[in-house]
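Trainee: Quick one, entry.cif (mmCIF, C-alpha atoms and all ligand atoms):
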data_structure
#
loop_
_atom_site.label_atom_id
_atom_site.label_comp_id
_atom_site.auth_asym_id
_atom_site.auth_seq_id
_atom_site.Cartn_x
_atom_site.Cartn_y
_atom_site.Cartn_z
CA MET A 1 0.00 0.00 0.00
CA THR A 2 3.00 2.35 0.45
CA GLU A 3 3.02 3.16 -3.30
CA SER A 4 -0.05 5.33 -2.68
CA ALA A 5 1.60 7.19 0.21
CA VAL A 6 2.13 10.92 -0.28
CA LEU A 7 5.79 11.94 -0.24
CA LEU A 8 6.57 15.45 0.97
CA ASN A 9 9.98 17.08 1.03
CA LYS A 10 11.28 19.72 3.45
CA HIS A 11 10.33 22.63 1.23
CA GLU A 12 6.73 21.38 0.92
CA VAL A 13 6.39 20.68 4.65
CA GLU A 14 7.67 24.18 5.42
CA ARG A 15 5.16 25.71 3.04
CA TYR A 16 2.18 23.80 4.47
CA LEU A 17 3.02 24.26 8.15
CA SER A 18 2.12 27.70 9.50
CA TYR A 19 2.46 28.73 13.12
CA GLU A 20 -1.08 30.17 13.05
CA ASP A 21 -2.52 26.70 12.35
CA LEU A 22 0.01 24.77 14.41
CA ILE A 23 -0.15 26.58 17.77
CA PRO A 24 -3.86 25.93 18.54
CA ARG A 25 -3.48 22.25 17.57
CA LEU A 26 -0.45 21.88 19.85
CA GLU A 27 -2.25 23.60 22.74
CA SER A 28 -5.19 21.29 22.33
CA VAL A 29 -3.16 18.07 22.13
CA LEU A 30 -0.89 19.01 25.07
CA GLY A 31 -3.94 19.78 27.23
CA LYS A 32 -5.50 16.42 26.31
CA PHE A 33 -2.25 14.47 26.79
CA SER A 34 -1.91 15.79 30.33
CA LYS A 35 -5.28 14.28 31.27
CA ARG A 36 -3.64 10.83 30.73
CA ASP A 37 -6.73 9.25 29.16
CA SER A 38 -5.21 6.27 27.34
CA SER A 39 -8.41 5.71 25.35
CA GLU A 40 -7.66 9.11 23.74
CA ILE A 41 -3.87 9.33 23.42
CA ILE A 42 -1.08 6.78 23.53
CA GLN A 43 2.46 8.08 23.43
CA PRO A 44 5.32 6.17 25.03
CA VAL A 45 8.57 7.89 25.96
CA ARG A 46 10.89 8.00 22.94
CA SER A 47 13.04 4.88 22.38
CA VAL A 48 16.62 5.94 21.85
CA VAL A 49 19.45 3.94 20.30
CA PRO A 50 22.91 5.38 21.04
CA ILE A 51 25.33 5.33 18.08
CA GLN A 52 28.37 5.61 20.30
CA GLN A 53 31.08 5.39 17.64
CA HIS A 54 29.68 8.45 15.89
CA ASN A 55 28.39 10.58 18.79
CA GLY A 56 24.82 10.16 17.66
CA PHE A 57 21.40 8.86 18.65
CA LEU A 58 18.41 7.45 16.80
CA GLY A 59 15.06 8.21 18.43
CA VAL A 60 11.73 6.61 17.51
CA MET A 61 8.64 8.56 18.52
CA PRO A 62 5.27 6.86 17.93
CA ALA A 63 1.89 8.32 18.88
CA TYR A 64 -1.77 7.39 18.47
CA LEU A 65 -4.52 10.00 18.84
CA ALA A 66 -7.77 8.04 18.68
CA ALA A 67 -10.28 10.89 18.45
CA GLU A 68 -8.32 12.68 15.71
CA GLY A 69 -7.65 9.43 13.84
CA ILE A 70 -3.88 10.05 13.82
CA LEU A 71 -1.34 7.23 13.92
CA CYS A 72 2.20 8.48 13.44
CA THR A 73 5.82 7.89 14.13
CA LYS A 74 8.85 10.11 13.75
CA MET A 75 12.35 8.75 13.38
CA VAL A 76 14.92 11.31 14.39
CA THR A 77 18.69 11.23 14.53
CA PHE A 78 20.63 13.73 16.60
CA TYR A 79 24.39 14.04 16.58
CA GLN A 80 26.96 16.03 18.49
CA ARG A 81 28.79 17.67 15.63
CA ALA A 82 32.33 18.96 15.67
CA GLU A 83 32.60 22.77 15.73
CA GLY A 84 32.39 24.12 12.20
CA SER A 85 30.56 21.07 10.78
CA SER A 86 28.05 22.06 8.11
CA LEU A 87 25.90 18.95 8.68
CA PRO A 88 22.57 19.39 10.50
CA SER A 89 22.69 17.87 13.95
CA THR A 90 18.97 16.95 13.95
CA GLN A 91 17.45 15.05 10.99
CA ALA A 92 14.07 13.36 10.87
CA THR A 93 11.38 11.60 8.83
CA VAL A 94 7.72 11.35 9.80
CA LEU A 95 5.34 8.54 8.79
CA LEU A 96 1.55 8.87 8.99
CA PHE A 97 -0.56 5.68 8.93
CA ASP A 98 -4.20 4.90 8.30
CA PRO A 99 -5.21 3.86 11.86
CA GLU A 100 -8.03 1.61 10.62
CA HIS A 101 -6.04 -0.48 8.14
CA GLY A 102 -2.45 0.16 9.14
CA HIS A 103 -0.98 1.26 5.83
CA VAL A 104 1.27 4.29 5.42
CA THR A 105 -0.54 7.36 4.04
CA ALA A 106 2.29 9.88 4.06
CA ILE A 107 6.06 10.01 4.38
CA MET A 108 7.37 13.47 5.00
CA ASP A 109 10.46 15.39 5.97
CA GLY A 110 10.67 15.76 9.73
CA GLU A 111 13.33 18.45 10.00
CA ALA A 112 10.93 21.28 9.32
CA ILE A 113 8.30 19.71 11.59
CA THR A 114 10.84 19.32 14.40
CA ALA A 115 12.09 22.88 14.03
CA LYS A 116 8.63 24.46 13.89
CA ARG A 117 6.75 22.38 16.45
CA THR A 118 9.53 22.72 19.04
CA ALA A 119 9.62 26.50 18.60
CA ALA A 120 5.81 26.67 18.66
CA VAL A 121 5.68 24.73 21.96
CA SER A 122 8.34 27.03 23.46
CA ALA A 123 6.24 29.99 22.30
CA ILE A 124 3.20 28.53 24.07
CA SER A 125 5.27 28.23 27.27
CA THR A 126 6.46 31.80 26.82
CA LYS A 127 2.94 33.14 26.32
CA LEU A 128 1.98 31.53 29.67
CA PHE A 129 5.10 32.15 31.78
CA MET A 130 7.00 35.23 30.58
CA PRO A 131 6.90 38.29 32.82
CA ALA A 132 4.35 40.99 31.98
CA LEU A 133 5.89 43.73 29.80
CA SER A 134 8.79 41.55 28.65
CA LYS A 135 11.24 43.60 26.62
CA VAL A 136 14.38 41.54 26.05
CA LEU A 137 14.64 38.17 24.29
CA CYS A 138 17.91 36.24 24.39
CA ILE A 139 18.69 33.23 22.22
CA LEU A 140 21.63 30.95 23.06
CA GLY A 141 22.70 28.98 19.97
CA SER A 142 22.50 29.83 16.29
CA GLY A 143 21.35 26.59 14.62
CA GLN A 144 18.02 25.27 13.28
CA GLN A 145 16.17 25.60 16.58
CA ALA A 146 17.58 29.05 17.27
CA ARG A 147 16.26 30.16 13.88
CA SER A 148 12.76 28.71 14.26
CA HIS A 149 12.53 30.17 17.78
CA TYR A 150 13.59 33.59 16.48
CA ASP A 151 10.95 33.39 13.75
CA VAL A 152 7.98 32.51 15.94
CA PHE A 153 9.00 34.57 18.99
CA THR A 154 9.40 37.76 16.98
CA LYS A 155 6.16 37.04 15.14
CA LEU A 156 4.09 36.54 18.31
CA PHE A 157 5.69 38.88 20.85
CA LYS A 158 6.84 42.49 20.79
CA PHE A 159 10.40 42.49 22.15
CA LYS A 160 12.32 45.77 22.15
CA GLU A 161 15.65 43.98 21.99
CA VAL A 162 16.79 40.58 20.72
CA ARG A 163 20.22 39.21 21.62
CA VAL A 164 22.03 36.14 20.39
CA TRP A 165 25.07 34.27 21.63
CA SER A 166 26.78 31.39 19.85
CA ARG A 167 29.94 29.60 20.90
CA ARG A 168 31.55 30.82 17.66
CA ARG A 169 30.96 34.53 17.20
CA GLU A 170 31.09 34.25 13.41
CA MET A 171 28.14 31.81 13.53
CA ALA A 172 26.14 34.36 15.53
CA HIS A 173 26.94 36.98 12.86
CA ARG A 174 25.92 34.57 10.11
CA PHE A 175 22.65 33.92 11.96
CA VAL A 176 21.93 37.65 12.24
CA ASN A 177 22.81 38.35 8.60
CA ASP A 178 20.06 35.94 7.49
CA LEU A 179 17.37 37.80 9.45
CA GLN A 180 15.28 40.87 8.71
CA GLY A 181 15.15 42.50 12.17
CA PRO A 182 17.87 43.93 14.44
CA VAL A 183 19.66 41.45 16.73
CA ARG A 184 22.60 42.16 19.03
CA VAL A 185 25.44 39.64 18.91
CA CYS A 186 26.87 39.09 22.40
CA SER A 187 30.34 37.82 23.18
CA SER A 188 29.44 35.84 26.29
CA VAL A 189 26.43 34.01 27.67
CA LYS A 190 26.54 36.30 30.68
CA GLU A 191 26.37 39.44 28.54
CA ALA A 192 23.52 37.94 26.50
CA VAL A 193 21.32 36.87 29.40
CA MET A 194 21.81 39.65 31.99
CA GLY A 195 18.50 41.50 32.27
CA ALA A 196 16.75 39.33 29.66
CA ASP A 197 13.06 38.59 30.27
CA VAL A 198 12.93 35.51 28.05
CA ILE A 199 15.86 33.18 27.37
CA VAL A 200 15.88 30.37 24.82
CA THR A 201 18.61 27.74 25.18
CA ALA A 202 18.94 25.82 21.90
CA THR A 203 22.44 24.44 21.88
CA GLY A 204 24.23 21.11 21.59
CA ALA A 205 25.89 21.68 24.98
CA SER A 206 26.30 18.75 27.35
CA GLU A 207 27.58 20.86 30.29
CA PRO A 208 25.77 23.87 31.80
CA ILE A 209 26.14 27.11 29.85
CA LEU A 210 23.39 29.10 31.60
CA PHE A 211 23.91 29.90 35.28
CA GLY A 212 21.16 30.91 37.67
CA GLU A 213 23.16 33.79 39.13
CA TRP A 214 22.91 35.60 35.74
CA VAL A 215 19.18 35.10 35.25
CA LYS A 216 16.90 37.99 36.19
CA SER A 217 14.33 37.12 38.84
CA GLY A 218 10.99 36.40 37.16
CA ALA A 219 12.51 35.60 33.75
CA HIS A 220 11.27 32.69 31.65
CA VAL A 221 13.72 30.14 30.23
CA ALA A 222 12.61 27.91 27.35
CA ALA A 223 15.24 25.14 27.47
CA VAL A 224 15.28 23.11 24.28
CA GLY A 225 18.68 21.38 24.13
CA ALA A 226 20.27 18.79 26.49
CA CYS A 227 17.83 15.98 25.70
CA ARG A 228 19.93 13.22 27.25
CA PRO A 229 19.93 12.23 30.93
CA ASP A 230 23.64 13.10 31.27
CA TRP A 231 23.54 16.39 29.31
CA ARG A 232 23.02 19.84 30.75
CA GLU A 233 22.40 23.38 29.54
CA LEU A 234 21.27 24.85 32.87
CA ASP A 235 23.06 24.78 36.21
CA ASP A 236 21.76 23.45 39.54
CA VAL A 237 21.07 26.93 40.94
CA LEU A 238 18.70 27.82 38.11
CA MET A 239 17.04 24.40 38.13
CA ARG A 240 16.45 24.45 41.88
CA GLU A 241 15.36 28.09 42.17
CA ALA A 242 13.00 28.18 39.21
CA VAL A 243 9.51 26.74 38.91
CA VAL A 244 10.10 23.88 36.47
CA TYR A 245 7.56 22.93 33.81
CA VAL A 246 8.02 20.10 31.27
CA ASP A 247 6.29 18.89 28.13
CA SER A 248 5.91 15.39 29.61
CA ARG A 249 6.76 14.28 33.16
CA GLU A 250 7.83 10.84 31.91
CA GLY A 251 10.08 12.35 29.23
CA GLY A 252 11.53 14.91 31.65
CA THR A 253 12.44 12.39 34.30
CA ALA A 254 13.86 9.86 31.79
CA GLU A 255 15.69 12.14 29.38
CA SER A 256 16.59 15.50 30.90
CA GLY A 257 20.01 15.80 32.56
CA ASP A 258 18.96 19.25 33.77
CA ILE A 259 16.18 17.61 35.80
CA VAL A 260 17.78 14.26 36.69
CA LEU A 261 21.20 15.58 37.73
CA SER A 262 20.04 18.72 39.54
CA GLY A 263 17.39 16.86 41.56
CA ALA A 264 14.92 19.66 40.69
CA GLN A 265 11.24 19.01 41.22
CA VAL A 266 8.94 19.25 38.22
CA PHE A 267 6.01 21.51 39.12
CA ALA A 268 3.73 20.74 36.17
CA GLU A 269 3.42 19.81 32.52
CA LEU A 270 2.67 22.55 30.04
CA GLY A 271 -0.53 20.64 29.21
CA GLU A 272 -1.57 20.72 32.87
CA VAL A 273 -1.44 24.51 32.76
CA ILE A 274 -3.30 24.60 29.45
CA ASN A 275 -6.07 22.30 30.78
CA GLY A 276 -6.36 24.28 34.04
CA SER A 277 -5.03 21.63 36.47
CA PHE A 278 -1.98 23.71 37.52
CA PRO A 279 -1.30 27.46 37.59
CA ALA A 280 1.16 29.44 35.48
CA GLN A 281 3.50 31.02 38.04
CA ARG A 282 4.33 33.97 35.82
CA GLU A 283 5.63 36.15 38.67
CA LYS A 284 8.37 33.60 39.51
CA THR A 285 11.47 32.57 37.54
CA THR A 286 10.28 29.73 35.31
CA VAL A 287 11.99 27.03 33.25
CA PHE A 288 10.13 25.13 30.56
CA LYS A 289 12.22 22.01 29.90
CA SER A 290 11.34 20.75 26.43
CA LEU A 291 12.29 17.23 25.33
CA GLY A 292 9.98 16.88 22.33
CA MET A 293 6.97 14.57 22.01
CA GLY A 294 5.56 12.25 19.36
CA ILE A 295 2.10 13.84 19.71
CA GLN A 296 3.59 17.18 18.66
CA ASP A 297 4.95 15.61 15.48
CA ALA A 298 1.69 13.75 14.91
CA VAL A 299 -0.57 16.83 14.91
CA SER A 300 1.97 18.73 12.81
CA ALA A 301 2.14 15.97 10.18
CA LYS A 302 -1.66 15.67 10.07
CA LEU A 303 -1.90 19.41 9.47
CA VAL A 304 0.61 19.21 6.63
CA LEU A 305 -1.31 16.32 5.03
CA GLU A 306 -4.64 18.16 5.36
CA LYS A 307 -3.15 21.21 3.60
CA TRP A 308 -1.67 19.02 0.88
CA ASN A 309 -5.03 17.24 0.41
CA SER A 310 -6.83 20.57 0.11
CA GLU A 311 -4.63 21.44 -2.90
CA HIS A 312 -4.74 18.05 -4.65
N1 LIG B 401 13.31 19.80 22.74
C1 LIG B 401 13.09 19.37 21.53
O1 LIG B 401 11.97 19.03 21.16
C2 LIG B 401 14.20 19.33 20.55
C3 LIG B 401 15.49 19.55 20.98
N2 LIG B 401 16.52 19.55 20.09
C4 LIG B 401 17.83 19.82 20.64
O2 LIG B 401 18.06 21.23 20.50
C5 LIG B 401 19.46 21.50 20.36
C6 LIG B 401 19.69 22.32 19.09
O3 LIG B 401 19.29 21.58 17.97
P1 LIG B 401 19.49 22.15 16.49
O4 LIG B 401 19.19 23.60 16.45
O5 LIG B 401 18.76 21.22 15.59
O6 LIG B 401 21.05 21.94 16.30
P2 LIG B 401 22.08 22.80 15.40
O7 LIG B 401 23.24 21.94 15.17
O8 LIG B 401 21.38 23.38 14.23
O9 LIG B 401 22.49 23.98 16.39
C7 LIG B 401 23.22 23.70 17.55
C8 LIG B 401 23.75 24.98 18.15
O10 LIG B 401 24.37 24.64 19.39
C9 LIG B 401 25.72 25.14 19.38
N3 LIG B 401 26.53 24.22 20.19
C10 LIG B 401 26.88 22.95 19.90
N4 LIG B 401 27.62 22.43 20.91
C11 LIG B 401 27.72 23.41 21.85
C12 LIG B 401 28.35 23.49 23.11
N5 LIG B 401 29.02 22.46 23.61
N6 LIG B 401 28.23 24.65 23.81
C13 LIG B 401 27.54 25.69 23.31
N7 LIG B 401 26.93 25.68 22.11
C14 LIG B 401 27.02 24.54 21.39
C15 LIG B 401 26.13 25.18 17.92
O11 LIG B 401 27.18 26.09 17.75
C16 LIG B 401 24.81 25.66 17.28
O12 LIG B 401 24.68 27.05 17.43
C17 LIG B 401 20.12 20.12 20.32
O13 LIG B 401 20.55 19.81 21.63
C18 LIG B 401 18.99 19.19 19.93
O14 LIG B 401 19.19 17.85 20.33
C19 LIG B 401 16.33 19.37 18.76
C20 LIG B 401 15.06 19.12 18.29
C21 LIG B 401 13.91 19.07 19.14
O1 LIG B 402 11.80 15.80 19.85
C1 LIG B 402 12.73 15.64 19.05
O2 LIG B 402 12.57 15.44 17.84
C2 LIG B 402 14.09 15.67 19.58
N1 LIG B 402 14.36 15.93 20.82
C3 LIG B 402 15.76 15.89 21.08
C4 LIG B 402 16.39 15.64 19.79
C5 LIG B 402 15.28 15.44 18.82
#
I'd like the structure from this file rewritten - as structure tokens, please.
Mentor:
Amino acid sequence: MTESAVLLNKHEVERYLSYEDLIPRLESVLGKFSKRDSSEIIQPVRSVVPIQQHNGFLGVMPAYLAAEGILCTKMVTFYQRAEGSSLPSTQATVLLFDPEHGHVTAIMDGEAITAKRTAAVSAISTKLFMPALSKVLCILGSGQQARSHYDVFTKLFKFKEVRVWSRRREMAHRFVNDLQGPVRVCSSVKEAVMGADVIVTATGASEPILFGEWVKSGAHVAAVGACRPDWRELDDVLMREAVVYVDSREGGTAESGDIVLSGAQVFAELGEVINGSFPAQREKTTVFKSLGMGIQDAVSAKLVLEKWNSEH
């Protein structure tokens, strides 16, 4: 049956996936997921195969959303690349299935889905947790995630200043040269984050780069990197002093070095705030620790296929 599957490349997926359509679908699915009704949503924690010889990992991320009729899996590889490598560190393919009969209905690029849905979920966290009258956005990292976060954050929020730091200054300049709006390149993480209201960490770091002593009280940190239980982006001080939210409690406690190694307590899932079970503690310093979820890929892929169907 796979010969009838729709094949969509990165360019097509990018064209069909808009943040306007994606954000409400993600809010809805995260809220439902956090109710833990297994007759509605089944999504195990990602299975990860380490590729030790090559500093990489293969993750498999299945999800079934019964009410929406979505059966999906993403296969994603993520590698720790040497400085200066031009290869993407995150690459992915998404398969959609017909849940009734089990055949594949679509095979699509997952890089654009991963970039956009991760940034969209961080934007949802930011809408809920950032301090009122936030003025300064800081992005740590200058790769795919940094770019998608810049795009959606500057689209949705009105920051007066945007700063970027990258471990190689020339990469930060390259990042800024590709953008329309003004962005200040900073020479250190400390310079970039001091006084920032919203901080995005989207790096391949495996040791802390963001220290609590630099983070303004009440700021919101959307922490996207360090998706292995022995990797860190944030230090113990930040993790223990902030109110910590996650996308999934199971994912956070299995996969996040920032949570596991700091001993920080998870306050709530993002979906638990969306569905009203837990409050958004906007007045406190908050960390949203994102690991990525199969349900996020599933609703994104379904949206892409719907758009494609509407044109064919
Ligand atoms: N939470 C989620 O759902 C997702 C998380 N990720 C993670 O987000 C991070 C960024 O991913 P991409 O933007 O796709 O990667 P990328 O390779 O496009 O960008 C990585 C950035 O991190 C920087 N970097 C690498 N090693 C570093 C180090 N030791 N210290 C400081 N900076 C370092 C690079 O210079 C680059 O700016 C990765 O850790 C990746 O695994 C990726 C996809 C989804
Ligand atoms: O959710 C995702 O696709 C990933 N999270 C960490 C690396 C890839």
Trainee: So what do you get for CA of Asn177 in chain A versus CA of Leu8 in chain A, distance-wise?
Mentor: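 Computing the Euclidean distance for CA of Asn177 in chain A and CA of Leu8 in chain A yields 29.1 Å.
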Trainee: Can you tell me which residues surround Lys10 in chain A at a distance of at most 12 Å, considering all atoms listed in the file, apart from same-chain residues fewer than 2 positions away, and format the answer as a list in words?
Mentor: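 What passes the distance filter is Leu7, Leu8, Glu12, Val13, Glu14, Arg15, Tyr16, Leu17, Gln91, Ala92, Thr93, Val94, Ile107, Met108, Asp109, Gly110, Glu111, Ala112, Ile113, Thr114, Ala115, Lys116, Ala301 and Val304 of chain A.
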Trainee: Provide an axis-aligned box for all listed atoms of range 184-200 of chain A, padding each side by 4 Å; report its centre and its edge lengths in Å to one decimal, as JSON.
Mentor:
{"center_x": 21.6, "center_y": 36.3, "center_z": 25.6, "size_x": 25.4, "size_y": 19.8, "size_z": 21.4}
Trainee: Produce as a PyMOL selection string the set of residues near ligand LIG 402 (chain B), where near means within 6 Å with only C-alpha atoms and all ligand atoms considered.
Mentor: chain A and resi 76+78+114+227+291-293
Trainee: Smallest atom-to-atom distance to Val189 in chain A: which of A:Val176, A:Val104, A:Val215, A:Val237, using only C-alpha atoms?
Mentor: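 Between A:Val176, A:Val104, A:Val215, A:Val237, the residue approaching Val189 in chain A most closely is A:Val215.
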Trainee: Got a sec: who's within 10 Å of range 48-54 of chain A, counting all atoms listed in the file, leaving out chain neighbours fewer than 3 positions off, as a PyMOL selection string?
Mentor: chain A and resi 45+57-61+75-81+228+255
